[in-house]
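In what follows, a structure is listed as structure tokens, so that the remarks can point back to it.
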Amino acid sequence: MNHEAIKQKSEQYFDMRTRQGITVTEAIRCYPFIANRLKNCTGELLDVGCGTGAALAHIREVCGEKFRYTGIDISRAAVEKATLLLRETAHIQVGDSEYLPYADNTFDVVLCMHSFHHYPNPVNVLKEIKRILVPKEGRLFLVENSHPTYRRLWFNFKLWLRRYPRGDIRFYSWEELSEMGLHAGFSRVFCEAVTENSFLATMET
């Protein structure tokens, strides 16, 4: 299956989830942890795969005017809902994580929360994120699902076997994400548990 077809599956799936009002409890559990990590940061913040804007709304409630908030998502329905939720406090737009419509060295912080496993070209996405982050001080906070090795391999096999039914591509280990981050040009990557089911990879420019 070609990559554009997989992206279209993701778009359709998240359009459906948005219209049905489905939320991801595990993602919501991670918001306070990430907001706490951001307390010492300021400037321009982008949420890649921002969905309905719930993470941005929580972070804004905690961090207030420390950031100027931007979000991008492939789902038009999600972007519409995020725009209604955040109104003038953030700029939200439809877009592809592989082709971010921002100038080099624009953002101080980029978030990517529980969406990375949907990206057909993950290293390309990381290269794009590094491009738009400021040099030396830029940070990517990437939250992903955490599974024991046997379960992760089984999930990935089922996704391949079923031809990526919801646009999910692959769940990654800490080691795999670290290697991809370094390959994409980040100077340092370190991972830590957020909950028993999620982990955070922090990547520094």
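The way I read the labels, and the way they are meant: chains A, B, ... in the order of the structure tokens, residue 1 as the first residue of every chain, and ligand 1 as the first ligand shown, with later ones counted on from there.
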What lies within 7 Å of Glu44 in chain A using only C-alpha atoms, ignoring chain neighbours under 2 positions off, as a compact mmCIF listing (two decimals) with C-alpha atoms, in the first residue's frame?
```
# COMPACT_ATOMS: atom_id res chain seq x y z
CA THR A 42 8.99 29.46 26.46
CA LEU A 46 3.79 23.50 17.74
CA PHE A 67 4.01 30.14 24.59
CA ARG A 68 2.46 31.14 21.30
CA TYR A 69 0.49 28.04 20.34
CA PHE A 107 9.68 26.80 16.87
CA ASP A 108 11.26 26.45 20.29
CA VAL A 109 9.19 23.40 21.22
```
_Can you tell me which residues surround Cys63 in chain A at a distance of at most 8 Å, considering only C-alpha atoms, apart from same-chain residues fewer than 4 positions away, and format the answer as a ChimeraX atom specification?_
/A:35,38-39,59,67
*Between A:Ser115, A:Ser173, A:Asn124, A:Thr106, single out the one closest to Cys191 in chain A, counting only C-alpha atoms.*
A:Ser173
_Give me the residues near Glu196 in chain A as a PyMOL selection string, where near means some atom within 12 Å (using only C-alpha atoms) and where sequence neighbours in that chain fewer than 3 positions away do not count._
chain A and resi 26+29-30+144-148+192-193+199-200
*Hey, what's within 7 Å of Cys112 in chain A if we count only C-alpha atoms and toss same-chain stuff fewer than 3 positions away? As a ChimeraX atom specification, please?*
/A:47-49,115-116,141-143
